[in-house]
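What follows is input.cif (mmCIF, C-alpha atoms).
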```
data_coords
loop_
_atom_site.group_PDB
_atom_site.id
_atom_site.type_symbol
_atom_site.label_atom_id
_atom_site.label_comp_id
_atom_site.auth_asym_id
_atom_site.auth_seq_id
_atom_site.Cartn_x
_atom_site.Cartn_y
_atom_site.Cartn_z
ATOM 1 C CA MET A 1 0.000 0.000 0.000
ATOM 2 C CA ASN A 2 1.318 3.439 -0.928
ATOM 3 C CA ASP A 3 1.161 6.094 1.780
ATOM 4 C CA LEU A 4 1.996 9.001 -0.512
ATOM 5 C CA PRO A 5 -0.613 11.765 -0.782
ATOM 6 C CA PHE A 6 -2.616 12.011 -4.001
ATOM 7 C CA TRP A 7 -0.734 15.081 -5.282
ATOM 8 C CA LYS A 8 2.478 13.025 -5.334
ATOM 9 C CA LEU A 9 0.831 10.043 -7.010
ATOM 10 C CA LYS A 10 -1.398 11.636 -9.632
ATOM 11 C CA THR A 11 -0.972 14.090 -12.446
ATOM 12 C CA LEU A 12 -3.298 17.079 -12.588
ATOM 13 C CA ASP A 13 -5.293 15.287 -15.295
ATOM 14 C CA GLU A 14 -5.775 12.192 -13.107
ATOM 15 C CA MET A 15 -7.234 14.011 -10.100
ATOM 16 C CA SER A 16 -10.874 13.824 -9.119
ATOM 17 C CA GLN A 17 -12.808 17.087 -8.933
ATOM 18 C CA SER A 18 -12.536 17.169 -5.134
ATOM 19 C CA GLU A 19 -8.785 16.486 -5.256
ATOM 20 C CA TRP A 20 -8.392 19.212 -7.865
ATOM 21 C CA GLU A 21 -10.324 21.750 -5.819
ATOM 22 C CA SER A 22 -8.341 20.901 -2.680
ATOM 23 C CA LEU A 23 -5.091 21.904 -4.400
ATOM 24 C CA CYS A 24 -6.193 25.517 -4.039
ATOM 25 C CA ASP A 25 -4.499 26.778 -0.873
ATOM 26 C CA GLY A 26 -6.853 29.757 -0.480
ATOM 27 C CA CYS A 27 -4.158 32.404 -0.928
ATOM 28 C CA GLY A 28 -6.309 34.541 -3.240
ATOM 29 C CA LEU A 29 -3.336 35.581 -5.368
ATOM 30 C CA CYS A 30 -4.865 34.348 -8.612
ATOM 31 C CA CYS A 31 -7.846 36.631 -7.882
ATOM 32 C CA LEU A 32 -5.718 39.761 -8.084
ATOM 33 C CA ASN A 33 -6.163 41.788 -11.239
ATOM 34 C CA LYS A 34 -3.214 41.548 -13.563
ATOM 35 C CA LEU A 35 -2.044 43.843 -16.339
ATOM 36 C CA GLU A 36 -0.492 42.548 -19.538
ATOM 37 C CA ASP A 37 1.878 44.503 -21.732
ATOM 38 C CA TRP A 38 0.445 44.022 -25.221
ATOM 39 C CA ASP A 39 3.870 44.395 -26.857
ATOM 40 C CA THR A 40 5.888 42.028 -24.674
ATOM 41 C CA GLY A 41 3.217 39.799 -23.150
ATOM 42 C CA ASP A 42 4.662 40.487 -19.684
ATOM 43 C CA VAL A 43 2.104 40.216 -16.903
ATOM 44 C CA VAL A 44 2.254 42.160 -13.641
ATOM 45 C CA PHE A 45 0.110 41.781 -10.551
ATOM 46 C CA THR A 46 -1.867 44.566 -8.942
ATOM 47 C CA SER A 47 -3.175 44.726 -5.389
ATOM 48 C CA VAL A 48 -6.643 45.264 -6.861
ATOM 49 C CA ALA A 49 -8.717 42.199 -6.053
ATOM 50 C CA CYS A 50 -11.620 40.760 -7.972
ATOM 51 C CA ARG A 51 -14.965 42.060 -6.752
ATOM 52 C CA LEU A 52 -15.825 38.549 -5.536
ATOM 53 C CA LEU A 53 -12.703 37.975 -3.447
ATOM 54 C CA ASP A 54 -13.498 37.851 0.266
ATOM 55 C CA GLY A 55 -10.597 39.804 1.749
ATOM 56 C CA LYS A 56 -10.620 37.861 5.024
ATOM 57 C CA SER A 57 -10.911 34.268 3.799
ATOM 58 C CA CYS A 58 -9.206 34.931 0.432
ATOM 59 C CA ARG A 59 -11.850 32.754 -1.180
ATOM 60 C CA CYS A 60 -14.397 33.608 -3.838
ATOM 61 C CA SER A 61 -17.620 34.877 -2.279
ATOM 62 C CA ASP A 62 -19.705 33.312 -5.084
ATOM 63 C CA TYR A 63 -17.544 30.520 -6.475
ATOM 64 C CA PRO A 64 -20.330 28.497 -8.162
ATOM 65 C CA ASN A 65 -21.596 31.555 -10.086
ATOM 66 C CA ARG A 66 -18.364 33.528 -10.463
ATOM 67 C CA GLN A 67 -18.251 33.457 -14.247
ATOM 68 C CA LYS A 68 -21.722 34.987 -14.489
ATOM 69 C CA THR A 69 -20.597 37.965 -12.405
ATOM 70 C CA VAL A 70 -17.013 38.100 -13.690
ATOM 71 C CA PRO A 71 -17.072 36.763 -17.273
ATOM 72 C CA ASP A 72 -13.286 36.983 -17.645
ATOM 73 C CA CYS A 73 -12.662 34.877 -14.532
ATOM 74 C CA ILE A 74 -10.299 32.112 -15.598
ATOM 75 C CA GLN A 75 -11.507 28.606 -14.802
ATOM 76 C CA LEU A 76 -8.337 26.742 -13.875
ATOM 77 C CA THR A 77 -8.087 23.383 -15.595
ATOM 78 C CA PRO A 78 -5.069 21.132 -16.069
ATOM 79 C CA GLN A 79 -4.672 22.582 -19.569
ATOM 80 C CA GLU A 80 -4.891 26.176 -18.300
ATOM 81 C CA VAL A 81 -2.366 25.423 -15.551
ATOM 82 C CA ARG A 82 0.058 24.120 -18.198
ATOM 83 C CA GLU A 83 -0.327 27.315 -20.240
ATOM 84 C CA ILE A 84 -0.582 30.092 -17.641
ATOM 85 C CA HIS A 85 2.835 31.471 -16.803
ATOM 86 C CA TRP A 86 1.721 33.977 -14.172
ATOM 87 C CA LEU A 87 0.578 31.529 -11.494
ATOM 88 C CA PRO A 88 2.311 32.508 -8.239
ATOM 89 C CA PRO A 89 5.364 30.376 -7.385
ATOM 90 C CA THR A 90 3.629 29.027 -4.268
ATOM 91 C CA CYS A 91 0.466 27.940 -6.125
ATOM 92 C CA GLY A 92 -0.413 24.293 -5.438
ATOM 93 C CA TYR A 93 -1.452 23.754 -9.056
ATOM 94 C CA ARG A 94 1.867 25.133 -10.305
ATOM 95 C CA LEU A 95 3.881 23.117 -7.771
ATOM 96 C CA VAL A 96 2.202 19.839 -8.715
ATOM 97 C CA ARG A 97 2.492 20.704 -12.407
ATOM 98 C CA ASP A 98 6.238 21.205 -11.936
ATOM 99 C CA GLY A 99 6.735 18.034 -9.887
ATOM 100 C CA GLU A 100 7.302 19.931 -6.624
ATOM 101 C CA ASP A 101 5.811 19.183 -3.218
ATOM 102 C CA LEU A 102 3.327 21.408 -1.404
ATOM 103 C CA TYR A 103 4.632 23.682 1.345
ATOM 104 C CA TRP A 104 4.095 23.093 5.077
ATOM 105 C CA TRP A 105 1.440 25.807 5.242
ATOM 106 C CA HIS A 106 -0.754 24.327 2.483
ATOM 107 C CA PRO A 107 -4.035 23.151 4.070
ATOM 108 C CA LEU A 108 -3.549 19.651 2.624
ATOM 109 C CA VAL A 109 -0.256 19.391 4.527
ATOM 110 C CA SER A 110 -1.044 21.387 7.668
ATOM 111 C CA GLY A 111 -4.663 20.324 8.011
ATOM 112 C CA ASP A 112 -5.559 23.963 8.753
ATOM 113 C CA PRO A 113 -6.917 26.435 6.167
ATOM 114 C CA ASP A 114 -5.504 29.358 8.176
ATOM 115 C CA THR A 115 -1.826 28.398 7.885
ATOM 116 C CA VAL A 116 -1.626 30.002 4.434
ATOM 117 C CA HIS A 117 -2.509 33.306 6.116
ATOM 118 C CA VAL A 118 -0.337 32.737 9.205
ATOM 119 C CA ALA A 119 2.641 32.075 6.918
ATOM 120 C CA GLY A 120 2.060 35.382 5.111
ATOM 121 C CA ILE A 121 1.454 33.741 1.744
ATOM 122 C CA SER A 122 -2.050 35.030 1.118
ATOM 123 C CA ALA A 123 -3.526 38.289 -0.110
ATOM 124 C CA ARG A 124 -5.251 38.858 3.246
ATOM 125 C CA GLY A 125 -4.953 42.505 4.292
ATOM 126 C CA ARG A 126 -3.026 43.520 1.166
ATOM 127 C CA THR A 127 -5.738 44.331 -1.353
ATOM 128 C CA VAL A 128 -8.389 46.786 -2.397
ATOM 129 C CA SER A 129 -11.558 45.727 -4.222
ATOM 130 C CA GLU A 130 -11.855 46.517 -7.907
ATOM 131 C CA LEU A 131 -15.171 48.145 -6.994
ATOM 132 C CA GLN A 132 -13.159 50.888 -5.276
ATOM 133 C CA VAL A 133 -10.636 51.592 -8.063
ATOM 134 C CA ASP A 134 -11.227 52.965 -11.539
ATOM 135 C CA VAL A 135 -9.849 50.527 -14.108
ATOM 136 C CA ASP A 136 -7.752 53.357 -15.580
ATOM 137 C CA ASP A 137 -5.961 53.616 -12.226
ATOM 138 C CA PHE A 138 -4.991 49.933 -11.907
ATOM 139 C CA GLU A 139 -1.426 50.811 -12.978
ATOM 140 C CA ASP A 140 -1.081 52.751 -9.719
ATOM 141 C CA TYR A 141 -1.546 49.473 -7.828
ATOM 142 C CA VAL A 142 1.154 47.324 -9.479
ATOM 143 C CA VAL A 143 2.897 45.105 -6.894
ATOM 144 C CA ASP A 144 5.501 42.369 -6.990
ATOM 145 C CA TRP A 145 4.851 40.705 -3.628
ATOM 146 C CA PRO A 146 2.718 37.893 -5.149
ATOM 147 C CA LEU A 147 5.886 36.703 -6.871
ATOM 148 C CA HIS A 148 7.950 36.794 -3.671
ATOM 149 C CA VAL A 149 5.701 35.231 -1.034
ATOM 150 C CA GLY A 150 7.229 32.043 0.281
ATOM 151 C CA GLU A 151 10.761 32.892 -0.847
ATOM 152 C CA THR A 152 12.232 31.673 2.439
ATOM 153 C CA GLU A 153 10.578 28.272 2.002
ATOM 154 C CA ARG A 154 11.648 28.059 -1.647
ATOM 155 C CA ALA A 155 15.254 28.895 -0.712
ATOM 156 C CA GLU A 156 15.219 26.209 1.979
ATOM 157 C CA LYS A 157 14.042 23.597 -0.556
ATOM 158 C CA ALA A 158 16.841 24.436 -2.990
#
```
Serialized structure, C-alpha cells:
Amino acid sequence: MNDLPFWKLKTLDEMSQSEWESLCDGCGLCCLNKLEDWDTGDVVFTSVACRLLDGKSCRCSDYPNRQKTVPDCIQLTPQEVREIHWLPPTCGYRLVRDGEDLYWWHPLVSGDPDTVHVAGISARGRTVSELQVDVDDFEDYVVDWPLHVGETERAEKA
C-alpha cells in the first residue's frame, strides 16, 4: 500500500474534482487583477482584487456563479495550468504541475486552512476591491509581492 498523498501520485489530469479543488491553498493571489503589456506579453500583478474575493478568507464569495458575475474569470483546468505562466510560485497547481511538493502551510499538509494566512502567503490585508478603483488607475496598484511570497521556504528547498 502506498502512503503518498494524491498530489504526489497523480498528475493534474488524473485528479478527481474534489482532489483538484483541494489543491487551491486559499491564498487569493490568482484573484488579483493583472495587467499585460500588449507588446511584450509580460504580466504584472496589482493589489486590486476581484470584486468577488473575500478579503478575510481569500476565497471567492460566489464561487459556483463567479463566471456569471465576472465573465473573464479564468476557470483553472489542467490545460490552463500548463499554459498560464503567471501563477504565483507558491500555487499548489503550479507546484504539482512542476513536480514539486506542497509547502508546510498548504491546508492539505497542515490540516488547517488558516496556515496560508499565518505564513504570510495570502492576499489577506493587502488588497483593495476593484469596486473601489477605476480601471484606468490599476497601474497605480502594481505590486511584486505575489511573486515573492514564500521565498524563504523556496530557498530552503533548494
Inset, instruction - Starting from the shown file, work through the PyMOL selection byres ((chain A and resi 77-79) around 12) and note down what comes out as a ChimeraX atom specification. - result: /A:11-17,20-21,23-24,74-76,80-85,93-94,96-97
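What the PyMOL selection byres ((chain A and resi 111-128) around 8) picks from this file is Asp25, Gly26, Cys27, Gly28, Leu29, Ser47, Val48, Ala49, Gly55, Lys56, Ser57, Cys58, Thr90, Trp105, His106, Pro107, Leu108, Val109, Ser110, Ser129, Glu130, Gln132, Val133, Val149 and Gly150 of chain A.
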Output file for the selection above: C-alpha atoms, as a short mmCIF file (atom, residue, chain, number, x, y, z; two decimals), keeping the file's coordinate frame:
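part.cif, freshly written:
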```cif
data_model
loop_
_atom_site.label_atom_id
_atom_site.label_comp_id
_atom_site.auth_asym_id
_atom_site.auth_seq_id
_atom_site.Cartn_x
_atom_site.Cartn_y
_atom_site.Cartn_z
CA ASP A 25 -4.50 26.78 -0.87
CA GLY A 26 -6.85 29.76 -0.48
CA CYS A 27 -4.16 32.40 -0.93
CA GLY A 28 -6.31 34.54 -3.24
CA LEU A 29 -3.34 35.58 -5.37
CA SER A 47 -3.18 44.73 -5.39
CA VAL A 48 -6.64 45.26 -6.86
CA ALA A 49 -8.72 42.20 -6.05
CA GLY A 55 -10.60 39.80 1.75
CA LYS A 56 -10.62 37.86 5.02
CA SER A 57 -10.91 34.27 3.80
CA CYS A 58 -9.21 34.93 0.43
CA THR A 90 3.63 29.03 -4.27
CA TRP A 105 1.44 25.81 5.24
CA HIS A 106 -0.75 24.33 2.48
CA PRO A 107 -4.04 23.15 4.07
CA LEU A 108 -3.55 19.65 2.62
CA VAL A 109 -0.26 19.39 4.53
CA SER A 110 -1.04 21.39 7.67
CA SER A 129 -11.56 45.73 -4.22
CA GLU A 130 -11.86 46.52 -7.91
CA GLN A 132 -13.16 50.89 -5.28
CA VAL A 133 -10.64 51.59 -8.06
CA VAL A 149 5.70 35.23 -1.03
CA GLY A 150 7.23 32.04 0.28
#
```
Inset, instruction - Please provide the set of residues having any atom within 12 Å of segment 2-4 of chain A, restricted to all atoms listed in the file, with same-chain residues fewer than 4 positions apart removed, written as number ranges by chain. - result: A: 8-10, 101, 109
Quick one: apply the PyMOL selection byres ((chain A and resi 138-140) around 10) to the file and drop the selected residues here as a PDB file with C-alpha atoms, keeping the file's coordinate frame.
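Just written: result-v7.pdb:
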```pdb
ATOM      1  CA  ASN A  33      -6.163  41.788 -11.239  1.00  0.00           C
ATOM      2  CA  LYS A  34      -3.214  41.548 -13.563  1.00  0.00           C
ATOM      3  CA  LEU A  35      -2.044  43.843 -16.339  1.00  0.00           C
ATOM      4  CA  VAL A  44       2.254  42.160 -13.641  1.00  0.00           C
ATOM      5  CA  PHE A  45       0.110  41.781 -10.551  1.00  0.00           C
ATOM      6  CA  THR A  46      -1.867  44.566  -8.942  1.00  0.00           C
ATOM      7  CA  SER A  47      -3.175  44.726  -5.389  1.00  0.00           C
ATOM      8  CA  VAL A  48      -6.643  45.264  -6.861  1.00  0.00           C
ATOM      9  CA  GLU A 130     -11.855  46.517  -7.907  1.00  0.00           C
ATOM     10  CA  VAL A 133     -10.636  51.592  -8.063  1.00  0.00           C
ATOM     11  CA  ASP A 134     -11.227  52.965 -11.539  1.00  0.00           C
ATOM     12  CA  VAL A 135      -9.849  50.527 -14.108  1.00  0.00           C
ATOM     13  CA  ASP A 136      -7.752  53.357 -15.580  1.00  0.00           C
ATOM     14  CA  ASP A 137      -5.961  53.616 -12.226  1.00  0.00           C
ATOM     15  CA  TYR A 141      -1.546  49.473  -7.828  1.00  0.00           C
ATOM     16  CA  VAL A 142       1.154  47.324  -9.479  1.00  0.00           C
ATOM     17  CA  VAL A 143       2.897  45.105  -6.894  1.00  0.00           C
TER      18      VAL A 143
END
```
Inset, instruction - Mind giving me the straight-line distance from atom CA of Leu53 of chain A to atom CA of Leu32 of chain A in Å, one decimal? - result: 8.6 Å
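Among the candidates A:Leu131, A:Leu87, A:Val43, A:Cys31, the residue lying nearest to Tyr63 of chain A is A:Cys31 (atoms considered: only C-alpha atoms).
Take atom CA of Gly41 of chain A and atom CA of Trp86 of chain A: the distance between them is 10.8 Å.
We find atom CA of Trp7 of chain A and atom CA of Gly99 of chain A to be spaced 9.3 Å apart.
With all atoms listed in the file as the basis for measurement, A:Cys30 is the residue among A:Pro146, A:Cys30, A:Cys73, A:Ser18 that approaches Arg59 of chain A most closely.
Proximity to Cys50 of chain A was assessed for A:Pro64, A:Thr69, A:Pro5, A:Trp38 counting all atoms listed in the file; the smallest distance is recorded for A:Thr69.
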